[in-house]
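The file entry.pdb comes next; it holds PDB, C-alpha atoms.
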MODEL        1
ATOM      1  CA  MET A  76      16.416  29.302  27.110
ATOM      2  CA  LEU A  77      19.382  27.983  25.131
ATOM      3  CA  ARG A  78      19.262  24.737  27.051
ATOM      4  CA  THR A  79      15.527  24.384  26.331
ATOM      5  CA  LYS A  80      16.062  24.919  22.587
ATOM      6  CA  THR A  81      18.915  22.418  22.571
ATOM      7  CA  MET A  82      16.793  19.824  24.386
ATOM      8  CA  ARG A  83      13.920  20.436  21.971
ATOM      9  CA  LYS A  84      16.164  19.939  18.941
ATOM     10  CA  GLY A  85      17.560  16.774  20.490
ATOM     11  CA  TRP A  86      14.058  15.419  21.117
ATOM     12  CA  LEU A  87      13.047  16.156  17.514
ATOM     13  CA  ARG A  88      16.073  14.269  16.191
ATOM     14  CA  ILE A  89      15.232  11.272  18.404
ATOM     15  CA  HIS A  90      11.550  11.428  17.402
ATOM     16  CA  ARG A  91      12.385  11.516  13.678
ATOM     17  CA  ALA A  92      14.845   8.631  14.056
ATOM     18  CA  ARG A  93      12.256   6.557  15.911
ATOM     19  CA  SER A  94       9.578   7.385  13.306
ATOM     20  CA  LYS A  95      11.885   6.286  10.476
ATOM     21  CA  ALA A  96      12.769   3.088  12.360
ATOM     22  CA  THR A  97       9.112   2.175  12.931
ATOM     23  CA  LEU A  98       8.392   2.849   9.276
ATOM     24  CA  VAL A  99      11.181   0.467   8.249
ATOM     25  CA  LEU A 100       9.673  -2.222  10.490
ATOM     26  CA  LEU A 101       6.211  -1.583   9.057
ATOM     27  CA  ILE A 102       7.356  -1.921   5.464
ATOM     28  CA  SER A 103       9.222  -5.109   6.337
ATOM     29  CA  ALA A 104       6.009  -6.501   7.835
ATOM     30  CA  LEU A 105       4.028  -5.519   4.750
ATOM     31  CA  ALA A 106       6.598  -7.181   2.542
ATOM     32  CA  CYS A 107       6.201 -10.409   4.523
ATOM     33  CA  LEU A 108       2.428 -10.302   4.447
ATOM     34  CA  THR A 109       1.767  -9.015   0.945
ATOM     35  CA  GLY A 110       4.974  -9.651  -0.956
ATOM     36  CA  CYS A 111       4.710  -6.260  -2.605
ATOM     37  CA  SER A 112       5.225  -3.010  -0.690
ATOM     38  CA  GLY A 113       8.137  -1.186  -2.251
ATOM     39  CA  VAL A 114       6.386   2.181  -2.075
ATOM     40  CA  VAL A 115       4.188   3.615   0.677
ATOM     41  CA  SER A 116       2.446   6.967   0.990
ATOM     42  CA  LEU A 117       1.549   9.148   3.946
ATOM     43  CA  HIS A 118      -1.572  10.373   2.122
ATOM     44  CA  PRO A 119      -4.392   8.572   0.303
ATOM     45  CA  LEU A 120      -4.826   8.411  -3.431
ATOM     46  CA  ALA A 121      -8.506   7.488  -3.179
ATOM     47  CA  LEU A 122     -10.764   9.584  -0.954
ATOM     48  CA  PRO A 123     -13.981   8.068   0.482
ATOM     49  CA  HIS A 124     -16.855   8.890  -1.902
ATOM     50  CA  GLY A 125     -14.328  10.786  -4.016
ATOM     51  CA  LYS A 126     -13.990  11.024  -7.778
ATOM     52  CA  GLY A 127     -13.326   7.673  -9.423
ATOM     53  CA  VAL A 128     -13.998   5.663  -6.243
ATOM     54  CA  VAL A 129     -16.200   2.633  -6.961
ATOM     55  CA  PHE A 130     -17.416  -0.448  -5.121
ATOM     56  CA  ALA A 131     -17.170  -3.934  -6.648
ATOM     57  CA  PRO A 132     -19.086  -6.633  -4.694
ATOM     58  CA  ALA A 133     -17.064  -9.295  -6.559
ATOM     59  CA  LEU A 134     -14.043  -8.398  -4.410
ATOM     60  CA  LEU A 135     -15.792  -9.509  -1.196
ATOM     61  CA  GLY A 136     -14.945 -12.889   0.319
ATOM     62  CA  THR A 137     -11.838 -14.863   1.229
ATOM     63  CA  TRP A 138      -8.924 -15.288  -1.146
ATOM     64  CA  GLU A 139      -5.695 -17.258  -1.089
ATOM     65  CA  GLU A 140      -2.508 -16.438  -2.943
ATOM     66  CA  GLU A 141      -1.420 -19.063  -5.445
ATOM     67  CA  GLN A 142       1.369 -21.091  -3.854
ATOM     68  CA  THR A 143       4.475 -21.452  -6.015
ATOM     69  CA  THR A 144       6.651 -23.300  -3.491
ATOM     70  CA  SER A 145       5.677 -25.759  -0.759
ATOM     71  CA  ASP A 146       7.936 -24.248   1.918
ATOM     72  CA  VAL A 147       6.267 -20.816   1.942
ATOM     73  CA  ALA A 148       3.207 -20.007   4.086
ATOM     74  CA  ILE A 149       0.062 -19.189   2.127
ATOM     75  CA  ASN A 150      -1.290 -15.632   2.304
ATOM     76  CA  ARG A 151      -5.039 -15.577   3.026
ATOM     77  CA  TYR A 152      -7.003 -12.359   2.438
ATOM     78  CA  THR A 153     -10.492 -11.794   3.863
ATOM     79  CA  VAL A 154     -12.326  -8.797   2.375
ATOM     80  CA  ALA A 155     -15.560  -7.334   3.776
ATOM     81  CA  ARG A 156     -17.607  -4.223   3.117
ATOM     82  CA  ALA A 157     -16.843  -1.144   5.237
ATOM     83  CA  ASP A 158     -18.286   2.350   4.767
ATOM     84  CA  SER A 159     -17.518   3.466   1.198
ATOM     85  CA  GLY A 160     -14.869   0.801   0.701
ATOM     86  CA  TYR A 161     -13.575  -2.422   2.195
ATOM     87  CA  SER A 162     -11.974  -3.811   5.323
ATOM     88  CA  PHE A 163      -9.401  -6.569   4.986
ATOM     89  CA  ARG A 164      -7.450  -9.043   7.046
ATOM     90  CA  VAL A 165      -4.294 -10.759   5.799
ATOM     91  CA  VAL A 166      -3.065 -13.894   7.553
ATOM     92  CA  THR A 167       0.272 -15.540   6.830
ATOM     93  CA  GLY A 168       1.014 -18.341   9.261
ATOM     94  CA  ALA A 169       0.985 -16.738  12.724
ATOM     95  CA  ASP A 170       1.204 -13.164  11.349
ATOM     96  CA  GLU A 171      -1.830 -10.974  10.783
ATOM     97  CA  MET A 172      -2.472  -7.518   9.389
ATOM     98  CA  LYS A 173      -5.725  -5.551   9.236
ATOM     99  CA  GLY A 174      -6.683  -2.405   7.366
ATOM    100  CA  THR A 175      -9.066  -0.777   4.942
ATOM    101  CA  MET A 176      -8.992  -0.048   1.229
ATOM    102  CA  HIS A 177     -10.813   1.816  -1.517
ATOM    103  CA  LEU A 178     -11.146   0.889  -5.172
ATOM    104  CA  MET A 179     -10.636   3.443  -7.936
ATOM    105  CA  LYS A 180     -11.493   3.131 -11.621
ATOM    106  CA  VAL A 181      -8.832   4.851 -13.727
ATOM    107  CA  GLY A 182      -9.643   4.598 -17.418
ATOM    108  CA  ASP A 183     -10.126   0.879 -18.036
ATOM    109  CA  ARG A 184      -8.057  -0.168 -15.018
ATOM    110  CA  TYR A 185      -8.704  -0.546 -11.305
ATOM    111  CA  LEU A 186      -6.424   0.573  -8.463
ATOM    112  CA  LEU A 187      -6.691  -0.322  -4.799
ATOM    113  CA  ASP A 188      -5.632   2.240  -2.211
ATOM    114  CA  VAL A 189      -4.694   0.024   0.750
ATOM    115  CA  TYR A 190      -4.519   1.726   4.155
ATOM    116  CA  CYS A 191      -2.684   0.214   7.118
ATOM    117  CA  PRO A 192      -3.662   2.157  10.264
ATOM    118  CA  SER A 193      -1.369   2.817  13.191
ATOM    119  CA  ASP A 194      -1.523   0.574  16.246
ATOM    120  CA  GLY A 195       0.614   2.961  18.288
ATOM    121  CA  GLU A 196       3.865   1.295  17.239
ATOM    122  CA  GLN A 197       3.935   2.166  13.549
ATOM    123  CA  LEU A 198       3.039   4.994  11.200
ATOM    124  CA  PRO A 199      -0.240   4.764   9.257
ATOM    125  CA  VAL A 200       0.512   4.443   5.535
ATOM    126  CA  HIS A 201      -1.101   3.724   2.166
ATOM    127  CA  PHE A 202       0.182   1.604  -0.692
ATOM    128  CA  PHE A 203      -1.292   1.233  -4.165
ATOM    129  CA  VAL A 204      -2.151  -1.932  -6.062
ATOM    130  CA  ARG A 205      -3.486  -2.667  -9.539
ATOM    131  CA  LEU A 206      -6.391  -5.132  -9.570
ATOM    132  CA  ARG A 207      -7.681  -7.435 -12.303
ATOM    133  CA  MET A 208     -10.515  -9.916 -11.739
ATOM    134  CA  LYS A 209     -12.206 -12.706 -13.673
ATOM    135  CA  ASN A 210     -14.796 -14.887 -11.961
ATOM    136  CA  ASP A 211     -13.104 -16.357  -8.840
ATOM    137  CA  THR A 212      -9.555 -15.357  -9.792
ATOM    138  CA  ALA A 213      -7.871 -12.019  -9.105
ATOM    139  CA  TRP A 214      -4.468 -10.632 -10.013
ATOM    140  CA  VAL A 215      -2.800  -7.863  -7.996
ATOM    141  CA  ALA A 216       0.400  -5.935  -8.653
ATOM    142  CA  ALA A 217       1.863  -3.187  -6.463
ATOM    143  CA  MET A 218       3.685  -0.051  -7.569
ATOM    144  CA  ASP A 219       7.295  -0.913  -8.396
ATOM    145  CA  SER A 220       9.766   1.103  -6.368
ATOM    146  CA  ASP A 221      12.589   0.948  -8.948
ATOM    147  CA  TRP A 222      10.322   2.388 -11.609
ATOM    148  CA  LEU A 223       8.866   4.995  -9.293
ATOM    149  CA  GLN A 224      12.257   6.165  -8.057
ATOM    150  CA  ASN A 225      13.404   6.621 -11.632
ATOM    151  CA  GLN A 226      10.306   8.690 -12.432
ATOM    152  CA  ILE A 227      10.786  10.809  -9.339
ATOM    153  CA  LYS A 228      14.435  11.469 -10.132
ATOM    154  CA  THR A 229      13.863  12.343 -13.782
ATOM    155  CA  ARG A 230      10.620  14.317 -13.461
ATOM    156  CA  GLY A 231      10.804  15.719  -9.938
ATOM    157  CA  GLU A 232       7.041  15.908  -9.492
ATOM    158  CA  LEU A 233       6.252  13.658  -6.536
ATOM    159  CA  ARG A 234       7.597  14.683  -3.152
ATOM    160  CA  HIS A 235       9.138  11.721  -1.321
ATOM    161  CA  GLU A 236      11.711  10.479   1.166
ATOM    162  CA  LEU A 237      14.134   7.563   0.812
ATOM    163  CA  LEU A 238      14.355   5.458   3.961
ATOM    164  CA  ASN A 239      18.105   5.034   3.668
ATOM    165  CA  GLU A 240      20.794   4.910   1.031
ATOM    166  CA  GLY A 241      20.697   1.689  -0.949
ATOM    167  CA  ASP A 242      17.122   0.864   0.099
ATOM    168  CA  HIS A 243      14.722   0.755  -2.849
ATOM    169  CA  ARG A 244      11.690   1.542  -0.721
ATOM    170  CA  VAL A 245      10.370   5.092  -0.790
ATOM    171  CA  VAL A 246       7.872   7.065   1.258
ATOM    172  CA  LEU A 247       5.674   9.423  -0.749
ATOM    173  CA  THR A 248       4.997  12.648   1.149
ATOM    174  CA  ALA A 249       3.009  14.301  -1.667
ATOM    175  CA  SER A 250      -0.555  15.417  -0.938
ATOM    176  CA  SER A 251      -3.581  13.505  -2.199
ATOM    177  CA  ALA A 252      -4.111  16.103  -4.923
ATOM    178  CA  GLU A 253      -0.487  15.729  -6.058
ATOM    179  CA  LEU A 254      -0.791  11.943  -6.065
ATOM    180  CA  ARG A 255      -3.891  12.094  -8.258
ATOM    181  CA  LYS A 256      -2.265  14.612 -10.595
ATOM    182  CA  TYR A 257       1.121  12.950 -11.051
ATOM    183  CA  LEU A 258       0.603   9.275 -10.145
ATOM    184  CA  LEU A 259      -2.718   8.377 -11.779
ATOM    185  CA  PRO A 260      -1.551   9.014 -15.371
ATOM    186  CA  TYR A 261       0.898   6.132 -14.958
ATOM    187  CA  ALA A 262      -1.881   3.645 -14.189
ATOM    188  CA  ALA A 263      -2.011   2.793 -17.889
ATOM    189  CA  ASP A 264       1.728   2.036 -17.974
ATOM    190  CA  ASP A 265       2.657  -1.560 -17.085
ATOM    191  CA  ARG A 266       6.131  -0.371 -16.090
ATOM    192  CA  ALA A 267       4.519   1.268 -13.074
ATOM    193  CA  PHE A 268       3.772  -2.086 -11.451
ATOM    194  CA  GLY A 269       5.683  -5.056 -10.140
ATOM    195  CA  GLU A 270       5.041  -8.715 -10.759
ATOM    196  CA  GLU A 271       1.440  -9.870 -10.486
ATOM    197  CA  CYS A 272       0.293 -12.153  -7.665
ATOM    198  CA  GLU A 273      -2.558 -14.533  -8.476
ATOM    199  CA  LEU A 274      -5.353 -15.028  -5.931
ATOM    200  CA  HIS A 275      -8.155 -17.593  -5.866
ATOM    201  CA  ARG A 276     -11.465 -17.267  -4.027
ATOM    202  CA  VAL A 277     -11.855 -19.912  -1.308
ATOM    203  CA  ALA A 278     -14.999 -18.639   0.432
ATOM    204  CA  PRO A 279     -18.259 -17.035  -0.764
ATOM    205  CA  LYS A 280     -18.698 -13.315  -1.105
ATOM    206  CA  ARG A 281     -19.765 -11.419   2.018
ATOM    207  CA  LYS A 282     -22.395  -8.722   1.747
TER     208      LYS A 282
ENDMDL
END

Show me, as C-alpha cells, the structure contained in the file I just sent.
Amino acid sequence: MLRTKTMRKGWLRIHRARSKATLVLLISALACLTGCSGVVSLHPLALPHGKGVVFAPALLGTWEEEQTTSDVAINRYTVARADSGYSFRVVTGADEMKGTMHLMKVGDRYLLDVYCPSDGEQLPVHFFVRLRMKNDTAWVAAMDSDWLQNQIKTRGELRHELLNEGDHRVVLTASSAELRKYLLPYAADDRAFGEECELHRVAPKRK
C-alpha cells in the first residue's frame, strides 16, 4: 500500500511537471503567432450565448497585421462564423494555429475571448483581447501581464499560477464567474492592455 501511494505521488509530480512544460510551449507558440499572450486562462470569460456576448459580422474575413519591419513574417488571420461566435486561423510563415473566439460588449468597449483547444500535446487555454474596428481596419491589444500581476498581488482577487520565477506570464485559474466579477471592471482601464496591433482586411467578409 505504501509503495502504491508513493508511486501515485510520483506520477502526479511527473504529470504536473509535464503539464506545466506543455503550457510553457503553448504560450511560446502563441507569442510567436499573435505577438501578445502574456496571460492565459483555464476558464472562459465569455460563455456561448451568455450575458454581454455579441456577434459582429464586420469581424469576418481575412486580415493581415501591419508589417513594421521587412524581416518579420506577416501574421494572417482568417475569421469565420461558428456557432455563437467565430472560428479563426492564424498563419505566420510555416506556422499555423486554429481556435474559436467569442466577442463581448463591456460598456463601450469590445473584448475577444480567444480559445485555443488542445491537440493532445498542449493544454486548452483562453486569452483576452480588446478590439477596436473602423471600416477595414482593426486594432487589437491583449491583457498586459505586468499590469495584471501587479493587480493580483495588490488586490488578491484573481486566483492564478506563475509559470516560473522571473517569467511574466501567468495562468489564471479563477472560475468564469470570478473572471467576470474581477476582470471585466478593468476593461475600461487602458493600463489593462498591452500595445495595440493594427490589422487590415485583405479579403471580403465571410457569412

Next item on the list: List the residues selected by the PyMOL selection byres ((chain A and resi 265-275) around 7) in the file shown, writing them as a PyMOL selection string.
Entry: chain A and resi 138-141+211-219+222-223+261-264+276-277

Since we have the selection now, will you write its residues out, keeping C-alpha atoms, as a short mmCIF file (atom, residue, chain, number, x, y, z; two decimals), keeping the file's coordinate frame?
data_model
loop_
_atom_site.label_atom_id
_atom_site.label_comp_id
_atom_site.auth_asym_id
_atom_site.auth_seq_id
_atom_site.Cartn_x
_atom_site.Cartn_y
_atom_site.Cartn_z
CA TRP A 138 -8.92 -15.29 -1.15
CA GLU A 139 -5.70 -17.26 -1.09
CA GLU A 140 -2.51 -16.44 -2.94
CA GLU A 141 -1.42 -19.06 -5.44
CA ASP A 211 -13.10 -16.36 -8.84
CA THR A 212 -9.56 -15.36 -9.79
CA ALA A 213 -7.87 -12.02 -9.10
CA TRP A 214 -4.47 -10.63 -10.01
CA VAL A 215 -2.80 -7.86 -8.00
CA ALA A 216 0.40 -5.94 -8.65
CA ALA A 217 1.86 -3.19 -6.46
CA MET A 218 3.68 -0.05 -7.57
CA ASP A 219 7.30 -0.91 -8.40
CA TRP A 222 10.32 2.39 -11.61
CA LEU A 223 8.87 5.00 -9.29
CA TYR A 261 0.90 6.13 -14.96
CA ALA A 262 -1.88 3.64 -14.19
CA ALA A 263 -2.01 2.79 -17.89
CA ASP A 264 1.73 2.04 -17.97
CA ARG A 276 -11.46 -17.27 -4.03
CA VAL A 277 -11.86 -19.91 -1.31
#

Check: Written as a VMD selection string, which residues does the PyMOL selection byres ((chain A and resi 228-232) around 10) give for the file shown?
Finding: chain A and resid 223 to 227 233 to 235 249 253 to 254 256 to 258

Residues of segment 152-258 of chain A that approach segment 113-129 of chain A to 9 Å or less, counting all atoms listed in the file: could you list each one with the shortest pair of atoms and its distance in Å to one decimal, rows by chain and increasing residue number, as JSON lines?
{"residue": "A:Asp158", "atom": "CA", "partner": "A:Pro123", "partner_atom": "CA", "distance": 8.3}
{"residue": "A:Ser159", "atom": "CA", "partner": "A:Pro123", "partner_atom": "CA", "distance": 5.8}
{"residue": "A:Gly160", "atom": "CA", "partner": "A:Pro123", "partner_atom": "CA", "distance": 7.3}
{"residue": "A:Met176", "atom": "CA", "partner": "A:Ala121", "partner_atom": "CA", "distance": 8.7}
{"residue": "A:His177", "atom": "CA", "partner": "A:Ala121", "partner_atom": "CA", "distance": 6.3}
{"residue": "A:Leu178", "atom": "CA", "partner": "A:Val129", "partner_atom": "CA", "distance": 5.6}
{"residue": "A:Met179", "atom": "CA", "partner": "A:Val128", "partner_atom": "CA", "distance": 4.4}
{"residue": "A:Lys180", "atom": "CA", "partner": "A:Gly127", "partner_atom": "CA", "distance": 5.4}
{"residue": "A:Val181", "atom": "CA", "partner": "A:Gly127", "partner_atom": "CA", "distance": 6.8}
{"residue": "A:Leu186", "atom": "CA", "partner": "A:Ala121", "partner_atom": "CA", "distance": 8.9}
{"residue": "A:Leu187", "atom": "CA", "partner": "A:Ala121", "partner_atom": "CA", "distance": 8.2}
{"residue": "A:Asp188", "atom": "CA", "partner": "A:Ala121", "partner_atom": "CA", "distance": 6.1}
{"residue": "A:Val189", "atom": "CA", "partner": "A:Pro119", "partner_atom": "CA", "distance": 8.6}
{"residue": "A:Tyr190", "atom": "CA", "partner": "A:Pro119", "partner_atom": "CA", "distance": 7.9}
{"residue": "A:Leu198", "atom": "CA", "partner": "A:Leu117", "partner_atom": "CA", "distance": 8.5}
{"residue": "A:Pro199", "atom": "CA", "partner": "A:Leu117", "partner_atom": "CA", "distance": 7.1}
{"residue": "A:Val200", "atom": "CA", "partner": "A:Leu117", "partner_atom": "CA", "distance": 5.1}
{"residue": "A:His201", "atom": "CA", "partner": "A:Ser116", "partner_atom": "CA", "distance": 4.9}
{"residue": "A:Phe202", "atom": "CA", "partner": "A:Val115", "partner_atom": "CA", "distance": 4.7}
{"residue": "A:Phe203", "atom": "CA", "partner": "A:Val115", "partner_atom": "CA", "distance": 7.7}
{"residue": "A:Ala217", "atom": "CA", "partner": "A:Gly113", "partner_atom": "CA", "distance": 7.8}
{"residue": "A:Met218", "atom": "CA", "partner": "A:Val114", "partner_atom": "CA", "distance": 6.5}
{"residue": "A:Asp219", "atom": "CA", "partner": "A:Gly113", "partner_atom": "CA", "distance": 6.2}
{"residue": "A:Ser220", "atom": "CA", "partner": "A:Gly113", "partner_atom": "CA", "distance": 5.0}
{"residue": "A:Asp221", "atom": "CA", "partner": "A:Gly113", "partner_atom": "CA", "distance": 8.3}
{"residue": "A:Leu223", "atom": "CA", "partner": "A:Val114", "partner_atom": "CA", "distance": 8.1}
{"residue": "A:His235", "atom": "CA", "partner": "A:Ser116", "partner_atom": "CA", "distance": 8.5}
{"residue": "A:His243", "atom": "CA", "partner": "A:Gly113", "partner_atom": "CA", "distance": 6.9}
{"residue": "A:Arg244", "atom": "CA", "partner": "A:Gly113", "partner_atom": "CA", "distance": 4.7}
{"residue": "A:Val245", "atom": "CA", "partner": "A:Val114", "partner_atom": "CA", "distance": 5.1}
{"residue": "A:Val246", "atom": "CA", "partner": "A:Val115", "partner_atom": "CA", "distance": 5.1}
{"residue": "A:Leu247", "atom": "CA", "partner": "A:Ser116", "partner_atom": "CA", "distance": 4.4}
{"residue": "A:Thr248", "atom": "CA", "partner": "A:Leu117", "partner_atom": "CA", "distance": 5.7}
{"residue": "A:Ala249", "atom": "CA", "partner": "A:His118", "partner_atom": "CA", "distance": 7.1}
{"residue": "A:Ser250", "atom": "CA", "partner": "A:His118", "partner_atom": "CA", "distance": 6.0}
{"residue": "A:Ser251", "atom": "CA", "partner": "A:Leu120", "partner_atom": "CA", "distance": 5.4}
{"residue": "A:Ala252", "atom": "CA", "partner": "A:Leu120", "partner_atom": "CA", "distance": 7.9}
{"residue": "A:Glu253", "atom": "CA", "partner": "A:Leu120", "partner_atom": "CA", "distance": 8.9}
{"residue": "A:Leu254", "atom": "CA", "partner": "A:Leu120", "partner_atom": "CA", "distance": 6.0}
{"residue": "A:Arg255", "atom": "CA", "partner": "A:Leu120", "partner_atom": "CA", "distance": 6.1}
{"residue": "A:Leu258", "atom": "CA", "partner": "A:Leu120", "partner_atom": "CA", "distance": 8.7}

Any chance you can output those residues with C-alpha atoms as a JSON list (two decimals), keeping the file's coordinate frame?
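Generated file (out-v8.json):
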[["chain", "number", "residue", "atom", "x", "y", "z"],
["A", 158, "ASP", "CA", -18.29, 2.35, 4.77],
["A", 159, "SER", "CA", -17.52, 3.47, 1.20],
["A", 160, "GLY", "CA", -14.87, 0.80, 0.70],
["A", 176, "MET", "CA", -8.99, -0.05, 1.23],
["A", 177, "HIS", "CA", -10.81, 1.82, -1.52],
["A", 178, "LEU", "CA", -11.15, 0.89, -5.17],
["A", 179, "MET", "CA", -10.64, 3.44, -7.94],
["A", 180, "LYS", "CA", -11.49, 3.13, -11.62],
["A", 181, "VAL", "CA", -8.83, 4.85, -13.73],
["A", 186, "LEU", "CA", -6.42, 0.57, -8.46],
["A", 187, "LEU", "CA", -6.69, -0.32, -4.80],
["A", 188, "ASP", "CA", -5.63, 2.24, -2.21],
["A", 189, "VAL", "CA", -4.69, 0.02, 0.75],
["A", 190, "TYR", "CA", -4.52, 1.73, 4.16],
["A", 198, "LEU", "CA", 3.04, 4.99, 11.20],
["A", 199, "PRO", "CA", -0.24, 4.76, 9.26],
["A", 200, "VAL", "CA", 0.51, 4.44, 5.54],
["A", 201, "HIS", "CA", -1.10, 3.72, 2.17],
["A", 202, "PHE", "CA", 0.18, 1.60, -0.69],
["A", 203, "PHE", "CA", -1.29, 1.23, -4.16],
["A", 217, "ALA", "CA", 1.86, -3.19, -6.46],
["A", 218, "MET", "CA", 3.68, -0.05, -7.57],
["A", 219, "ASP", "CA", 7.30, -0.91, -8.40],
["A", 220, "SER", "CA", 9.77, 1.10, -6.37],
["A", 221, "ASP", "CA", 12.59, 0.95, -8.95],
["A", 223, "LEU", "CA", 8.87, 5.00, -9.29],
["A", 235, "HIS", "CA", 9.14, 11.72, -1.32],
["A", 243, "HIS", "CA", 14.72, 0.76, -2.85],
["A", 244, "ARG", "CA", 11.69, 1.54, -0.72],
["A", 245, "VAL", "CA", 10.37, 5.09, -0.79],
["A", 246, "VAL", "CA", 7.87, 7.06, 1.26],
["A", 247, "LEU", "CA", 5.67, 9.42, -0.75],
["A", 248, "THR", "CA", 5.00, 12.65, 1.15],
["A", 249, "ALA", "CA", 3.01, 14.30, -1.67],
["A", 250, "SER", "CA", -0.56, 15.42, -0.94],
["A", 251, "SER", "CA", -3.58, 13.50, -2.20],
["A", 252, "ALA", "CA", -4.11, 16.10, -4.92],
["A", 253, "GLU", "CA", -0.49, 15.73, -6.06],
["A", 254, "LEU", "CA", -0.79, 11.94, -6.06],
["A", 255, "ARG", "CA", -3.89, 12.09, -8.26],
["A", 258, "LEU", "CA", 0.60, 9.28, -10.14]]

Note to self: I'd like the interatomic distance between atom CA of Lys173 of chain A and atom CA of Met208 of chain A, to a tenth of an Å.
What the structure shows: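 Computed distance, atom CA of Lys173 of chain A to atom CA of Met208 of chain A, equals 22.0 Å.
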
Write out as AutoDock Vina command-line options an axis-aligned box for segment 200-217 of chain A: all of its atoms listed in the file, 4 Å added on each side, centre and edge lengths in Å with one decimal.
--center_x -6.5 --center_y -6.0 --center_z -4.1 --size_x 24.7 --size_y 28.8 --size_z 27.2

Margin query: Please compute the atom CA of Ser193 of chain A-atom CA of Arg207 of chain A distance, one decimal, in Å.
Written below: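 Separation of atom CA of Ser193 of chain A and atom CA of Arg207 of chain A: 28.2 Å.
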
Next item on the list: Calculate how many Å separate atom CA of Leu206 of chain A from atom CA of Val166 of chain A, rounding to one decimal.
Entry: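 Between atom CA of Leu206 of chain A and atom CA of Val166 of chain A the gap is 19.5 Å.
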
Item checked: Selection result of the PyMOL selection byres ((chain A and resi 136) around 12) on this file, as a ChimeraX atom specification -> /A:131-135,137-139,151-156,161-164,211-213,274-282

Could segment 216-233 of chain A be completed with N, CA and C atoms and returned as an mmCIF file, in the coordinates of the input?
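Final file, selection32.cif:
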data_model
loop_
_atom_site.group_PDB
_atom_site.id
_atom_site.type_symbol
_atom_site.label_atom_id
_atom_site.label_comp_id
_atom_site.auth_asym_id
_atom_site.auth_seq_id
_atom_site.Cartn_x
_atom_site.Cartn_y
_atom_site.Cartn_z
ATOM 1 N N ALA A 216 -0.996 -6.334 -8.435
ATOM 2 C CA ALA A 216 0.400 -5.935 -8.653
ATOM 3 C C ALA A 216 0.602 -4.566 -8.020
ATOM 4 N N ALA A 217 1.596 -4.442 -7.165
ATOM 5 C CA ALA A 217 1.863 -3.187 -6.463
ATOM 6 C C ALA A 217 2.756 -2.278 -7.295
ATOM 7 N N MET A 218 2.787 -1.000 -6.921
ATOM 8 C CA MET A 218 3.685 -0.051 -7.569
ATOM 9 C C MET A 218 5.122 -0.530 -7.383
ATOM 10 N N ASP A 219 5.921 -0.430 -8.432
ATOM 11 C CA ASP A 219 7.295 -0.913 -8.396
ATOM 12 C C ASP A 219 8.234 0.210 -7.998
ATOM 13 N N SER A 220 8.955 0.012 -6.915
ATOM 14 C CA SER A 220 9.766 1.103 -6.368
ATOM 15 C C SER A 220 10.904 1.525 -7.295
ATOM 16 N N ASP A 221 11.512 0.582 -8.024
ATOM 17 C CA ASP A 221 12.589 0.948 -8.948
ATOM 18 C C ASP A 221 12.068 1.890 -10.035
ATOM 19 N N TRP A 222 10.929 1.548 -10.576
ATOM 20 C CA TRP A 222 10.322 2.388 -11.609
ATOM 21 C C TRP A 222 9.956 3.755 -11.039
ATOM 22 N N LEU A 223 9.327 3.748 -9.878
ATOM 23 C CA LEU A 223 8.866 4.995 -9.293
ATOM 24 C C LEU A 223 10.034 5.912 -8.934
ATOM 25 N N GLN A 224 11.090 5.347 -8.380
ATOM 26 C CA GLN A 224 12.257 6.165 -8.057
ATOM 27 C C GLN A 224 12.830 6.814 -9.303
ATOM 28 N N ASN A 225 12.878 6.062 -10.387
ATOM 29 C CA ASN A 225 13.404 6.621 -11.632
ATOM 30 C C ASN A 225 12.538 7.773 -12.120
ATOM 31 N N GLN A 226 11.214 7.621 -12.018
ATOM 32 C CA GLN A 226 10.306 8.690 -12.432
ATOM 33 C C GLN A 226 10.474 9.926 -11.553
ATOM 34 N N ILE A 227 10.618 9.692 -10.269
ATOM 35 C CA ILE A 227 10.786 10.809 -9.339
ATOM 36 C C ILE A 227 12.072 11.575 -9.635
ATOM 37 N N LYS A 228 13.145 10.826 -9.886
ATOM 38 C CA LYS A 228 14.435 11.469 -10.132
ATOM 39 C C LYS A 228 14.451 12.247 -11.446
ATOM 40 N N THR A 229 13.796 11.702 -12.468
ATOM 41 C CA THR A 229 13.863 12.343 -13.782
ATOM 42 C C THR A 229 12.833 13.443 -13.955
ATOM 43 N N ARG A 230 11.682 13.325 -13.268
ATOM 44 C CA ARG A 230 10.620 14.317 -13.461
ATOM 45 C C ARG A 230 10.462 15.279 -12.296
ATOM 46 N N GLY A 231 10.834 14.831 -11.094
ATOM 47 C CA GLY A 231 10.804 15.719 -9.938
ATOM 48 C C GLY A 231 9.441 16.248 -9.560
ATOM 49 N N GLU A 232 8.397 15.434 -9.757
ATOM 50 C CA GLU A 232 7.041 15.908 -9.492
ATOM 51 C C GLU A 232 6.483 15.436 -8.153
ATOM 52 N N LEU A 233 6.797 14.219 -7.761
ATOM 53 C CA LEU A 233 6.252 13.658 -6.536
ATOM 54 C C LEU A 233 7.217 13.841 -5.375
#
